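Enquirer: Okay, so here is run_9.tsv, and as you'll see once you scroll down, it has TSV, C-alpha atoms and all ligand atoms.
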```tsv
chain	number	residue	atom	x	y	z
J	986	MET	CA	-70.72	-16.36	44.20
J	987	VAL	CA	-68.56	-15.06	47.00
J	988	SER	CA	-66.66	-11.86	46.21
J	989	MET	CA	-64.58	-9.38	48.18
J	990	ASN	CA	-65.95	-6.22	46.59
J	991	ASN	CA	-66.79	-3.77	49.34
J	992	LEU	CA	-67.07	-0.55	47.33
J	993	SER	CA	-70.69	-0.71	46.38
J	994	SER	CA	-73.18	1.86	47.65
J	995	GLU	CA	-75.73	-0.89	48.11
J	996	LYS	CA	-77.43	-1.45	51.48
J	997	PRO	CA	-75.08	-3.47	53.74
J	998	MET	CA	-77.51	-6.34	54.19
J	999	LEU	CA	-78.08	-6.62	50.44
J	1000	GLN	CA	-74.29	-6.69	49.89
J	1001	ALA	CA	-74.07	-9.73	52.18
J	1002	LEU	CA	-77.06	-11.36	50.49
J	1003	ARG	CA	-75.32	-10.92	47.14
J	1004	GLY	CA	-72.35	-12.87	48.47
J	1005	GLN	CA	-69.98	-10.06	49.40
J	1006	VAL	CA	-67.65	-10.50	52.36
J	1007	THR	CA	-67.69	-7.16	54.17
J	1008	GLN	CA	-65.89	-5.90	57.27
J	1009	TYR	CA	-69.15	-4.44	58.53
J	1010	THR	CA	-71.60	-7.15	59.60
J	1011	PRO	CA	-75.27	-6.29	59.06
J	1012	ILE	CA	-77.62	-7.24	61.90
J	1013	TRP	CA	-81.37	-7.64	62.39
J	1014	LEU	CA	-83.34	-9.92	64.73
J	1015	MET	CA	-86.24	-12.25	64.09
J	1016	ARG	CA	-89.21	-10.88	66.09
J	1017	GLN	CA	-87.38	-7.60	66.61
J	1018	ALA	CA	-90.82	-6.00	66.85
J	1019	GLY	CA	-92.99	-7.53	69.54
J	1020	ARG	CA	-93.89	-8.08	73.14
J	1021	TYR	CA	-90.45	-7.43	74.68
J	1022	LEU	CA	-90.94	-3.74	73.73
J	1023	PRO	CA	-93.29	-1.72	75.99
J	1024	GLU	CA	-94.25	0.51	73.04
J	1025	TYR	CA	-95.45	-2.62	71.18
J	1026	ARG	CA	-97.50	-3.76	74.15
J	1027	ALA	CA	-99.14	-0.33	74.35
J	1028	LEU	CA	-100.20	-0.32	70.69
J	1029	ARG	CA	-101.29	-3.96	70.91
J	1030	ALA	CA	-103.56	-3.09	73.84
J	1031	GLU	CA	-105.00	-0.16	71.89
J	1032	ALA	CA	-105.74	-2.33	68.83
J	1033	GLY	CA	-107.35	-5.04	70.96
J	1034	SER	CA	-106.29	-7.89	68.68
J	1035	PHE	CA	-103.12	-9.02	66.97
J	1036	LEU	CA	-104.82	-9.45	63.58
J	1037	LYS	CA	-106.15	-5.89	63.71
J	1038	LEU	CA	-102.54	-4.73	64.06
J	1039	CYS	CA	-101.48	-6.80	61.05
J	1040	TYR	CA	-104.23	-5.37	58.83
J	1041	ASN	CA	-103.98	-1.74	59.95
J	1042	PRO	CA	-101.24	-0.10	57.83
J	1043	SER	CA	-100.69	2.88	60.17
J	1044	MET	CA	-100.24	0.61	63.18
J	1045	ALA	CA	-98.24	-2.03	61.30
J	1046	VAL	CA	-95.86	0.65	59.96
J	1047	GLU	CA	-95.42	2.08	63.45
J	1048	ILE	CA	-94.69	-1.35	64.97
J	1049	THR	CA	-92.26	-2.26	62.19
J	1050	LEU	CA	-90.32	0.94	62.86
J	1051	GLN	CA	-90.36	0.77	66.68
J	1052	PRO	CA	-87.20	-1.37	67.02
J	1053	LEU	CA	-85.34	0.82	64.48
J	1054	ARG	CA	-86.05	3.91	66.57
J	1055	ARG	CA	-84.36	2.30	69.56
J	1056	PHE	CA	-81.58	0.29	67.94
J	1057	ASP	CA	-79.07	0.61	65.09
J	1058	LEU	CA	-80.49	-2.31	63.09
J	1059	ASP	CA	-79.77	-2.81	59.38
J	1060	ALA	CA	-83.23	-3.98	58.42
J	1061	ALA	CA	-86.92	-3.59	59.11
J	1062	ILE	CA	-89.10	-6.69	58.81
J	1063	LEU	CA	-92.71	-6.19	57.79
J	1064	PHE	CA	-94.99	-6.55	60.79
J	1065	SER	CA	-97.47	-9.30	59.95
J	1066	ASP	CA	-97.67	-13.08	60.47
J	1067	ILE	CA	-97.17	-16.22	58.41
J	1068	LEU	CA	-100.82	-17.16	59.08
J	1069	VAL	CA	-102.32	-14.28	57.08
J	1070	ILE	CA	-102.14	-16.68	54.10
J	1071	PRO	CA	-104.71	-19.19	55.46
J	1072	HIS	CA	-106.68	-16.21	56.76
J	1073	ALA	CA	-106.74	-14.55	53.34
J	1074	LEU	CA	-107.78	-17.89	51.81
J	1075	GLY	CA	-110.90	-17.76	53.97
J	1076	GLN	CA	-109.86	-20.18	56.72
J	1077	GLY	CA	-110.82	-18.68	60.09
J	1078	LEU	CA	-107.99	-17.48	62.33
J	1079	ASP	CA	-107.90	-16.18	65.84
J	1080	PHE	CA	-104.97	-15.34	68.10
J	1081	VAL	CA	-106.04	-16.33	71.58
J	1082	GLU	CA	-104.29	-14.72	74.55
J	1083	GLY	CA	-101.82	-17.18	76.05
J	1084	GLU	CA	-102.59	-19.88	73.44
J	1085	GLY	CA	-101.33	-18.52	70.13
J	1086	PRO	CA	-103.07	-19.04	66.79
J	1087	ILE	CA	-106.26	-21.13	66.50
J	1088	LEU	CA	-107.74	-22.11	63.10
J	1089	PRO	CA	-110.70	-24.35	62.28
J	1090	PRO	CA	-108.56	-27.20	60.87
J	1091	LEU	CA	-109.07	-28.49	57.32
J	1092	GLU	CA	-110.67	-31.96	57.65
J	1093	THR	CA	-109.16	-33.34	54.43
J	1094	LEU	CA	-106.72	-32.15	51.77
J	1095	ALA	CA	-109.67	-31.71	49.39
J	1096	ASP	CA	-110.98	-28.96	51.72
J	1097	PHE	CA	-108.19	-26.75	50.39
J	1098	ASP	CA	-109.94	-26.53	47.03
J	1099	LEU	CA	-113.12	-25.39	48.77
J	1100	LEU	CA	-111.40	-22.32	50.23
J	1101	ASP	CA	-112.36	-19.09	48.48
J	1102	ILE	CA	-109.19	-17.93	46.82
J	1103	SER	CA	-110.94	-15.10	44.91
J	1104	GLY	CA	-110.59	-12.50	47.68
J	1105	PHE	CA	-106.96	-13.34	48.43
J	1106	GLU	CA	-105.12	-10.34	46.99
J	1107	GLN	CA	-107.86	-7.95	48.16
J	1108	LYS	CA	-107.68	-9.20	51.76
J	1109	LEU	CA	-103.91	-8.78	51.74
J	1110	ALA	CA	-104.06	-5.25	50.29
J	1111	PRO	CA	-103.41	-3.65	53.76
J	1112	VAL	CA	-100.16	-5.65	54.03
J	1113	TYR	CA	-99.04	-4.28	50.66
J	1114	GLU	CA	-100.02	-0.77	51.75
J	1115	THR	CA	-97.87	-1.22	54.87
J	1116	LEU	CA	-94.89	-2.13	52.69
J	1117	SER	CA	-95.39	0.84	50.35
J	1118	ARG	CA	-95.45	3.23	53.29
J	1119	LEU	CA	-92.38	1.61	54.86
J	1120	LYS	CA	-90.51	1.88	51.59
J	1121	GLU	CA	-91.14	5.63	51.57
J	1122	GLN	CA	-90.17	6.14	55.20
J	1123	LEU	CA	-87.07	3.99	55.60
J	1124	PRO	CA	-83.62	5.57	55.19
J	1125	PRO	CA	-81.81	4.30	52.06
J	1126	GLU	CA	-79.25	2.19	53.97
J	1127	LYS	CA	-81.95	0.11	55.68
J	1128	THR	CA	-83.20	-3.09	54.07
J	1129	LEU	CA	-86.93	-3.82	53.99
J	1130	ILE	CA	-87.68	-7.52	54.54
J	1131	GLY	CA	-90.93	-9.19	53.47
J	1132	PHE	CA	-91.76	-12.76	54.46
J	1133	ALA	CA	-94.06	-15.75	54.34
J	1134	GLY	CA	-94.24	-19.16	55.94
J	1135	ALA	CA	-93.02	-22.10	53.88
J	1136	PRO	CA	-95.82	-24.40	52.64
J	1137	TRP	CA	-95.00	-27.21	55.11
J	1138	THR	CA	-95.04	-24.91	58.16
J	1139	VAL	CA	-98.24	-23.15	57.08
J	1140	ALA	CA	-99.82	-26.56	56.29
J	1141	CYS	CA	-99.01	-27.67	59.86
J	1142	TYR	CA	-101.30	-24.94	61.21
J	1143	MET	CA	-103.95	-25.33	58.47
J	1144	LEU	CA	-104.36	-29.06	59.17
J	1145	HIS	CA	-103.71	-29.23	62.89
J	1146	GLY	CA	-105.49	-25.98	63.73
J	1147	ARG	CA	-103.06	-24.79	66.40
J	1148	GLY	CA	-99.45	-24.96	67.55
J	1149	GLY	CA	-98.11	-26.45	70.70
J	1150	GLY	CA	-97.76	-30.19	70.06
J	1151	LYS	CA	-96.12	-31.94	67.14
J	1152	PHE	CA	-98.86	-31.08	64.61
J	1153	GLU	CA	-100.07	-34.70	64.58
J	1154	ARG	CA	-103.07	-34.00	62.32
J	1155	ALA	CA	-100.72	-32.60	59.67
J	1156	THR	CA	-98.14	-35.38	59.92
J	1157	GLU	CA	-100.87	-38.05	59.88
J	1158	THR	CA	-102.61	-36.52	56.85
J	1159	ALA	CA	-99.26	-36.40	55.05
J	1160	ALA	CA	-98.44	-40.02	55.97
J	1161	ALA	CA	-101.86	-41.26	54.79
J	1162	ASP	CA	-101.55	-39.75	51.30
J	1163	PRO	CA	-97.97	-38.65	50.48
J	1164	GLN	CA	-98.79	-37.98	46.82
J	1165	GLY	CA	-101.90	-35.91	47.56
J	1166	PHE	CA	-99.99	-34.05	50.25
J	1167	LYS	CA	-97.21	-33.20	47.82
J	1168	THR	CA	-99.76	-31.68	45.42
J	1169	PHE	CA	-101.36	-29.77	48.30
J	1170	LEU	CA	-98.00	-28.24	49.26
J	1171	LEU	CA	-97.31	-27.21	45.67
J	1172	LYS	CA	-100.68	-25.43	45.48
J	1173	LEU	CA	-99.81	-23.64	48.70
J	1174	ALA	CA	-96.42	-22.78	47.18
J	1175	ASP	CA	-98.12	-21.07	44.21
J	1176	VAL	CA	-100.27	-18.90	46.47
J	1177	THR	CA	-97.24	-18.08	48.63
J	1178	ALA	CA	-95.16	-17.13	45.58
J	1179	ASP	CA	-97.90	-14.73	44.39
J	1180	TYR	CA	-97.99	-13.18	47.85
J	1181	LEU	CA	-94.21	-12.70	47.99
J	1182	ILE	CA	-94.08	-11.31	44.45
J	1183	SER	CA	-96.70	-8.72	45.49
J	1184	GLN	CA	-94.63	-7.89	48.58
J	1185	ILE	CA	-91.59	-7.23	46.38
J	1186	LYS	CA	-93.71	-5.17	43.99
J	1187	HIS	CA	-94.73	-3.00	46.96
J	1188	GLY	CA	-91.19	-2.40	48.20
J	1189	ALA	CA	-89.66	-5.45	49.92
J	1190	ASP	CA	-85.91	-5.57	49.10
J	1191	THR	CA	-85.65	-9.24	50.07
J	1192	VAL	CA	-88.00	-11.92	51.39
J	1193	GLN	CA	-87.53	-14.62	54.01
J	1194	ILE	CA	-89.28	-17.99	53.88
J	1195	PHE	CA	-89.86	-19.32	57.43
J	1196	ASP	CA	-89.94	-23.14	57.69
J	1197	SER	CA	-90.12	-23.27	61.48
J	1198	TRP	CA	-91.26	-26.90	61.66
J	1199	ALA	CA	-88.97	-28.42	59.00
J	1200	ALA	CA	-87.53	-30.79	61.61
J	1201	LEU	CA	-90.85	-32.65	61.91
J	1202	VAL	CA	-90.52	-34.03	58.37
J	1203	PRO	CA	-89.06	-37.56	58.12
J	1204	ASP	CA	-85.79	-37.69	56.14
J	1205	GLU	CA	-87.27	-39.56	53.19
J	1206	TYR	CA	-89.85	-36.80	52.66
J	1207	PHE	CA	-87.55	-33.82	53.22
J	1208	HIS	CA	-87.26	-33.23	49.49
J	1209	ASP	CA	-91.00	-33.45	48.73
J	1210	ARG	CA	-92.17	-31.41	51.71
J	1211	ILE	CA	-89.43	-28.85	52.30
J	1212	ILE	CA	-87.08	-28.53	49.32
J	1213	ALA	CA	-89.51	-28.92	46.37
J	1214	PRO	CA	-92.20	-26.45	47.57
J	1215	THR	CA	-89.51	-23.91	48.51
J	1216	ALA	CA	-87.75	-24.33	45.15
J	1217	ARG	CA	-91.09	-23.73	43.43
J	1218	ILE	CA	-91.57	-20.44	45.31
J	1219	VAL	CA	-87.99	-19.33	44.57
J	1220	SER	CA	-88.24	-20.06	40.85
J	1221	ALA	CA	-91.61	-18.27	40.56
J	1222	ILE	CA	-90.13	-15.18	42.25
J	1223	LYS	CA	-86.93	-15.35	40.15
J	1224	ALA	CA	-89.01	-15.45	36.95
J	1225	VAL	CA	-90.33	-11.97	37.83
J	1226	TYR	CA	-87.54	-10.55	40.02
J	1227	PRO	CA	-84.29	-12.35	39.16
J	1228	ASP	CA	-82.16	-9.99	41.30
J	1229	VAL	CA	-84.13	-10.07	44.54
J	1230	PRO	CA	-82.32	-12.25	47.09
J	1231	ILE	CA	-84.36	-14.80	49.03
J	1232	ILE	CA	-83.53	-16.05	52.54
J	1233	GLY	CA	-84.53	-19.61	53.48
J	1234	PHE	CA	-84.89	-20.62	57.14
J	1235	PRO	CA	-85.47	-24.37	57.46
J	1236	ARG	CA	-85.28	-24.45	61.25
J	1237	GLN	CA	-83.41	-27.46	62.70
J	1238	ALA	CA	-82.94	-28.99	59.26
J	1239	GLY	CA	-79.96	-30.92	60.66
J	1240	ARG	CA	-78.17	-32.86	57.95
J	1241	HIS	CA	-80.34	-31.37	55.16
J	1242	TYR	CA	-78.87	-27.84	55.12
J	1243	ALA	CA	-76.52	-28.43	52.21
J	1244	ASP	CA	-79.23	-30.01	50.01
J	1245	TYR	CA	-81.65	-27.26	50.95
J	1246	ALA	CA	-79.12	-24.54	50.12
J	1247	GLY	CA	-78.06	-26.22	46.89
J	1248	GLN	CA	-81.45	-27.24	45.53
J	1249	THR	CA	-83.88	-24.46	46.45
J	1250	GLY	CA	-82.13	-21.52	44.72
J	1251	ILE	CA	-82.11	-19.33	47.85
J	1252	SER	CA	-79.40	-16.67	48.36
J	1253	ALA	CA	-78.98	-17.01	52.12
J	1254	LEU	CA	-79.45	-19.72	54.70
J	1255	GLY	CA	-80.98	-18.91	58.10
J	1256	LEU	CA	-79.38	-20.93	60.91
J	1257	ASP	CA	-80.94	-22.07	64.18
J	1258	PRO	CA	-78.77	-22.21	67.34
J	1259	GLN	CA	-77.95	-25.91	66.79
J	1260	ALA	CA	-76.47	-25.36	63.32
J	1261	ASP	CA	-72.67	-25.48	63.07
J	1262	ILE	CA	-71.47	-22.57	60.91
J	1263	SER	CA	-68.22	-24.33	59.99
J	1264	ALA	CA	-70.16	-27.30	58.56
J	1265	MET	CA	-72.33	-25.14	56.26
J	1266	PRO	CA	-71.94	-24.92	52.49
J	1267	LYS	CA	-69.27	-22.33	51.55
J	1268	ASN	CA	-70.86	-20.64	48.56
J	1269	ILE	CA	-73.83	-19.05	50.28
J	1270	CYS	CA	-74.54	-16.17	52.67
J	1271	LEU	CA	-75.39	-17.30	56.21
J	1272	GLN	CA	-77.66	-15.59	58.72
J	1273	GLY	CA	-78.40	-16.18	62.37
J	1274	ASN	CA	-77.26	-18.76	64.89
J	1275	LEU	CA	-77.28	-16.88	68.25
J	1276	ASP	CA	-79.44	-18.70	70.80
J	1277	PRO	CA	-82.31	-16.33	71.80
J	1278	GLN	CA	-81.85	-17.64	75.33
J	1279	LEU	CA	-78.41	-15.97	75.41
J	1280	LEU	CA	-79.94	-12.64	74.41
J	1281	LEU	CA	-82.36	-13.07	77.29
J	1282	THR	CA	-79.49	-13.80	79.71
J	1283	GLY	CA	-77.09	-11.19	78.28
J	1284	GLY	CA	-73.71	-10.53	79.92
J	1285	GLU	CA	-70.57	-12.57	79.37
J	1286	ASP	CA	-72.31	-15.67	78.06
J	1287	MET	CA	-73.80	-13.61	75.26
J	1288	GLN	CA	-70.48	-11.86	74.63
J	1289	ARG	CA	-68.62	-15.19	74.28
J	1290	ALA	CA	-71.27	-16.55	71.92
J	1291	VAL	CA	-71.07	-13.43	69.72
J	1292	THR	CA	-67.29	-13.82	69.42
J	1293	ARG	CA	-67.61	-17.53	68.64
J	1294	ILE	CA	-70.20	-16.91	65.91
J	1295	MET	CA	-68.30	-13.98	64.37
J	1296	ASP	CA	-65.04	-15.99	64.37
J	1297	ALA	CA	-66.77	-18.96	62.74
J	1298	ALA	CA	-68.33	-16.73	60.08
J	1299	SER	CA	-65.11	-14.85	59.22
J	1300	GLY	CA	-64.24	-14.77	55.55
J	1301	ARG	CA	-67.80	-15.50	54.49
J	1302	PRO	CA	-70.85	-13.39	53.68
J	1303	PHE	CA	-72.75	-13.17	56.97
J	1304	ILE	CA	-75.76	-11.42	58.51
J	1305	PHE	CA	-75.94	-11.46	62.30
J	1306	ASN	CA	-79.27	-12.66	63.73
J	1307	LEU	CA	-80.75	-14.97	66.33
J	1308	GLY	CA	-81.42	-18.64	65.65
J	1309	HIS	CA	-85.13	-18.03	66.40
J	1310	GLY	CA	-87.27	-15.10	67.53
J	1311	VAL	CA	-86.62	-12.69	70.43
J	1312	ILE	CA	-88.11	-14.15	73.64
J	1313	LYS	CA	-90.76	-11.87	75.11
J	1314	GLU	CA	-89.05	-11.49	78.52
J	1315	THR	CA	-85.82	-10.18	76.89
J	1316	PRO	CA	-84.69	-6.83	78.36
J	1317	PRO	CA	-84.43	-4.28	75.52
J	1318	GLU	CA	-81.01	-3.20	76.92
J	1319	HIS	CA	-79.64	-6.62	75.99
J	1320	VAL	CA	-80.56	-5.96	72.37
J	1321	ALA	CA	-78.65	-2.66	72.49
J	1322	ALA	CA	-75.66	-4.48	74.06
J	1323	LEU	CA	-75.76	-7.19	71.39
J	1324	ILE	CA	-75.73	-4.66	68.57
J	1325	SER	CA	-72.74	-2.82	70.01
J	1326	LEU	CA	-70.84	-6.12	70.42
J	1327	VAL	CA	-71.44	-6.91	66.75
J	1328	ARG	CA	-70.48	-3.37	65.72
J	1329	GLN	CA	-67.24	-3.51	67.75
J	1330	TYR	CA	-66.09	-6.83	66.32
J	1331	LYS	CA	-63.63	-6.26	63.47
J	1332	ARG	CA	-63.98	-8.97	60.89
J	1333	ALA	CA	-61.08	-10.19	58.85
J	1334	ILE	CA	-62.09	-10.15	55.19
J	1401	LIG	O1	-90.12	-10.88	63.12
J	1401	LIG	C1	-90.88	-9.87	63.21
J	1401	LIG	O2	-90.69	-8.95	64.02
J	1401	LIG	C2	-91.99	-9.76	62.18
J	1401	LIG	C3	-93.27	-10.25	62.54
J	1401	LIG	C4	-93.53	-11.75	62.69
J	1401	LIG	C5	-94.47	-12.25	63.61
J	1401	LIG	N1	-94.59	-13.60	63.41
J	1401	LIG	C6	-95.23	-11.43	64.59
J	1401	LIG	C7	-95.94	-12.08	65.69
J	1401	LIG	C8	-93.01	-12.83	61.98
J	1401	LIG	C9	-91.92	-12.87	60.92
J	1401	LIG	C10	-93.71	-14.00	62.43
J	1401	LIG	C11	-93.47	-15.35	61.89
J	1401	LIG	C12	-94.19	-16.49	62.45
J	1401	LIG	N2	-95.46	-16.53	62.94
J	1401	LIG	C13	-93.67	-17.81	62.48
J	1401	LIG	C14	-92.31	-18.22	61.94
J	1401	LIG	C15	-91.20	-17.91	62.85
J	1401	LIG	C16	-91.24	-18.67	64.17
J	1401	LIG	O3	-91.46	-18.02	65.20
J	1401	LIG	O4	-91.01	-19.89	64.13
J	1401	LIG	C17	-94.65	-18.63	63.07
J	1401	LIG	C18	-94.53	-20.13	63.32
J	1401	LIG	C19	-95.79	-17.81	63.34
J	1401	LIG	C20	-97.10	-18.24	63.93
J	1401	LIG	C21	-97.38	-17.55	65.20
J	1401	LIG	N3	-97.69	-16.22	65.35
J	1401	LIG	C22	-97.40	-18.14	66.49
J	1401	LIG	C23	-97.13	-19.60	66.78
J	1401	LIG	C24	-97.74	-17.13	67.40
J	1401	LIG	C25	-97.98	-17.32	68.89
J	1401	LIG	C26	-96.74	-17.45	69.65
J	1401	LIG	C27	-96.24	-16.09	70.05
J	1401	LIG	O5	-95.04	-15.86	70.00
J	1401	LIG	O6	-97.10	-15.31	70.48
J	1401	LIG	C28	-97.86	-15.92	66.67
J	1401	LIG	C29	-98.18	-14.59	67.22
J	1401	LIG	C30	-97.28	-13.45	66.88
J	1401	LIG	N4	-96.69	-13.24	65.64
J	1401	LIG	C31	-96.89	-12.39	67.75
J	1401	LIG	C32	-96.08	-11.52	67.02
J	1401	LIG	C33	-95.45	-10.22	67.47
J	1401	LIG	C34	-97.36	-12.20	69.18
J	1401	LIG	C35	-98.73	-11.62	69.13
J	1401	LIG	C36	-99.13	-10.94	70.40
J	1401	LIG	O7	-99.68	-11.63	71.27
J	1401	LIG	O8	-98.94	-9.72	70.50
```
Re-express the file's structure as structure tokens.
Ligand code: CP3

Expert:
Amino acid sequence: MVSMNNLSSEKPMLQALRGQVTQYTPIWLMRQAGRYLPEYRALRAEAGSFLKLCYNPSMAVEITLQPLRRFDLDAAILFSDILVIPHALGQGLDFVEGEGPILPPLETLADFDLLDISGFEQKLAPVYETLSRLKEQLPPEKTLIGFAGAPWTVACYMLHGRGGGKFERATETAAADPQGFKTFLLKLADVTADYLISQIKHGADTVQIFDSWAALVPDEYFHDRIIAPTARIVSAIKAVYPDVPIIGFPRQAGRHYADYAGQTGISALGLDPQADISAMPKNICLQGNLDPQLLLTGGEDMQRAVTRIMDAASGRPFIFNLGHGVIKETPPEHVAALISLVRQYKRAI
């Protein structure tokens, strides 16, 4: 429901997520913590490995807060990764310098049932501890975002073992046994829902579901592989926390955005740079859309794009963000410039 009520003392980002059209536009950036910040690179070098950072609450808290010390952002996003789920299920995981994540791929769908789920919550305890500490340390106007990968995107890595290509081992496994694959994704959805519910219990104000590889799913399977598993996660969370808003990010979902927004039960739709704001469903909060390449370039091109996005989003609940993560070569000064552009823009409400 879209409303014009701007009097609430609620955090600005939560107001937008609840459907309020506000003059002030909240802003945060996907991958706002990370390699473009020298203070991240220093701590990363000290820890020695990316996974050690994710599972060390003191370091993860520090990295989560680094971008908020520099910039006037409206939200902190938990520092972790979508692949801690397969890792906590007992599938090996390594982040190799220059290559990204590497997992020993599942050979068949049945291998999923052989994973040892018993230690799951215990292995993720440091992530929950990170959230509890962040909750205590964040000022009241800042929103704390938890997250997980959507089942399809996580399955891509679990079955293919690495990123880079088009996840052929995942798409071929799905094509060979669509029914079995559907069941596999729903099992992954249940684990993901438990994980997100625990994140909320430990302080997350909202959670985002990243479906980075949604565009690899053929149209006829978009419902089974993207919408249905996401809807299952949303309804499991809503059964416990009916008032916690959930952000869905089905990257490059093309003509499926409206169905995704209407059928999953999410409160906000994350938009990649290709998505056309004016063509999006009207009754939902939108987030994102700025091409990360323009943040890298900065200057007038970025300024024009900010104006175009803010104009297109006028009169609707909106959270400013990129259409994908911050590129590691981005100068931090461009982030500061982006935030002041968004702050200066006066929205018509
Ligand atoms: O947004 C944030 O600041 C929160 C932290 C966060 C990370 N990854 C940290 C990270 C979040 C929300 C993610 C999500 C994630 N992880 C996604 C979905 C979003 C997207 O980018 O499409 C995916 C697909 C992953 C899997 C993943 N993790 C890949 C493919 C890689 C290697 C590529 C890369 O950018 O290095 C990672 C590593 C990773 N996750 C890093 C960070 C800061 C870099 C690690 C390092 O070398 O220091």

Enquirer: Can you work out which one of J:Ile1185, J:Gln1193, J:Phe1056, J:Gln1051 has the shortest atom-to-atom distance to His1319 of chain J, counting only C-alpha atoms?

Expert: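 Going through J:Ile1185, J:Gln1193, J:Phe1056, J:Gln1051 one by one, the smallest distance to His1319 of chain J is for J:Phe1056.
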
Enquirer: Counting only C-alpha atoms and all ligand atoms, figure out which residue out of J:Gln1164, J:Thr1282, J:Ser1197, J:Thr1156 gets nearest to ligand LIG 1401 (chain J).

Expert: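 Comparing J:Gln1164, J:Thr1282, J:Ser1197, J:Thr1156 against ligand LIG 1401 (chain J), the winner is J:Ser1197.
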
Enquirer: As a quick test: using all atoms listed in the file, which residues lie no more than 7 Å away from ligand LIG 1401 (chain J)? Give them as a ChimeraX atom specification.

Expert: /J:1015-1020,1029,1035,1062-1068,1080,1082,1084-1086,1132,1134,1148,1195-1197,1309-1310

Enquirer: Could you dump the residues just selected with C-alpha atoms as a compact mmCIF listing (two decimals), in the frame of the given file?

Expert:
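Output contents, as saved in again.txt:
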```
# COMPACT_ATOMS: atom_id res chain seq x y z
CA MET J 1015 -86.24 -12.25 64.09
CA ARG J 1016 -89.21 -10.88 66.09
CA GLN J 1017 -87.38 -7.60 66.61
CA ALA J 1018 -90.82 -6.00 66.85
CA GLY J 1019 -92.99 -7.53 69.54
CA ARG J 1020 -93.89 -8.08 73.14
CA ARG J 1029 -101.29 -3.96 70.91
CA PHE J 1035 -103.12 -9.02 66.97
CA ILE J 1062 -89.10 -6.69 58.81
CA LEU J 1063 -92.71 -6.19 57.79
CA PHE J 1064 -94.99 -6.55 60.79
CA SER J 1065 -97.47 -9.30 59.95
CA ASP J 1066 -97.67 -13.08 60.47
CA ILE J 1067 -97.17 -16.22 58.41
CA LEU J 1068 -100.82 -17.16 59.08
CA PHE J 1080 -104.97 -15.34 68.10
CA GLU J 1082 -104.29 -14.72 74.55
CA GLU J 1084 -102.59 -19.88 73.44
CA GLY J 1085 -101.33 -18.52 70.13
CA PRO J 1086 -103.07 -19.04 66.79
CA PHE J 1132 -91.76 -12.76 54.46
CA GLY J 1134 -94.24 -19.16 55.94
CA GLY J 1148 -99.45 -24.96 67.55
CA PHE J 1195 -89.86 -19.32 57.43
CA ASP J 1196 -89.94 -23.14 57.69
CA SER J 1197 -90.12 -23.27 61.48
CA HIS J 1309 -85.13 -18.03 66.40
CA GLY J 1310 -87.27 -15.10 67.53
```

Enquirer: So which one's closest to Gly1284 of chain J, J:Leu1323, J:Leu1171, J:Lys1267, J:Glu1114? Using only C-alpha atoms, please.

Expert: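 Once distances to Gly1284 of chain J are computed over only C-alpha atoms, the minimum belongs to J:Leu1323.
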
Enquirer: Which residue out of J:Ile1211, J:Val1006, J:Ile1218, J:Ala1061 has the minimum interatomic distance to Ala1199 of chain J when only C-alpha atoms are used?

Expert: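 Answer, going by the shortest atom-to-atom distance: J:Ile1211.
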
Enquirer: Pick the closest to Leu1119 of chain J from J:Gly1308, J:Gly1255, J:Gly1233, J:Gly1131: which is it, counting all atoms listed in the file?

Expert: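 Residue with the minimum atom-to-atom distance to Leu1119 of chain J: J:Gly1131.
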
Enquirer: Pull the neighbourhood of (-77.5, -12.4, 76.6) for me: all residues within 12 Å in file coordinates, counting all atoms listed in the file, as a PyMOL selection string.

Expert: chain J and resi 1275-1291+1307+1311-1312+1314-1324+1326

Enquirer: Report, in Å with one decimal, the straight-line distance from atom CA of Ile1070 of chain J to atom CA of Asp1175 of chain J.

Expert: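 Atom CA of Ile1070 of chain J sits 11.5 Å away from atom CA of Asp1175 of chain J.
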
Enquirer: Calculated over only C-alpha atoms, which of the candidates J:Thr1115, J:Thr1177, J:Gln1248, J:Asn1306 has the smallest distance to Phe1207 of chain J?

Expert: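 Ranked by minimum distance to Phe1207 of chain J, first place goes to J:Gln1248.
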
Enquirer: Show me the residues around (-97.0, -8.3, 48.7) - criterion: an atom at most 9 Å away, all atoms listed in the file counted - as a list in words.

Expert: Glu1106, Leu1109, Ala1110, Val1112, Tyr1113, Glu1114, Leu1116, Gly1131, Phe1132, Asp1179, Tyr1180, Leu1181, Ile1182, Ser1183, Gln1184, Ile1185, Lys1186, His1187, Gly1188 and Ala1189 of chain J

Enquirer: Residues near Ala1253 of chain J, anyone? I mean within 10 Å using all atoms listed in the file, not counting same-chain ones fewer than 3 positions away, as a PyMOL selection string.

Expert: chain J and resi 1001-1004+1193+1230-1234+1246+1250+1256+1268-1272+1302-1304

Enquirer: Tell me, in Å to one decimal, how far atom CA of Leu1058 of chain J is from atom CA of Pro1111 of chain J.

Expert: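 So the two atoms, atom CA of Leu1058 of chain J and atom CA of Pro1111 of chain J, lie 24.8 Å apart.
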
Enquirer: To one decimal place, how far is atom CA of Ile1212 of chain J from atom CA of Tyr1245 of chain J in Å?

Expert: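 Atom-to-atom, atom CA of Ile1212 of chain J and atom CA of Tyr1245 of chain J are spaced 5.8 Å apart.
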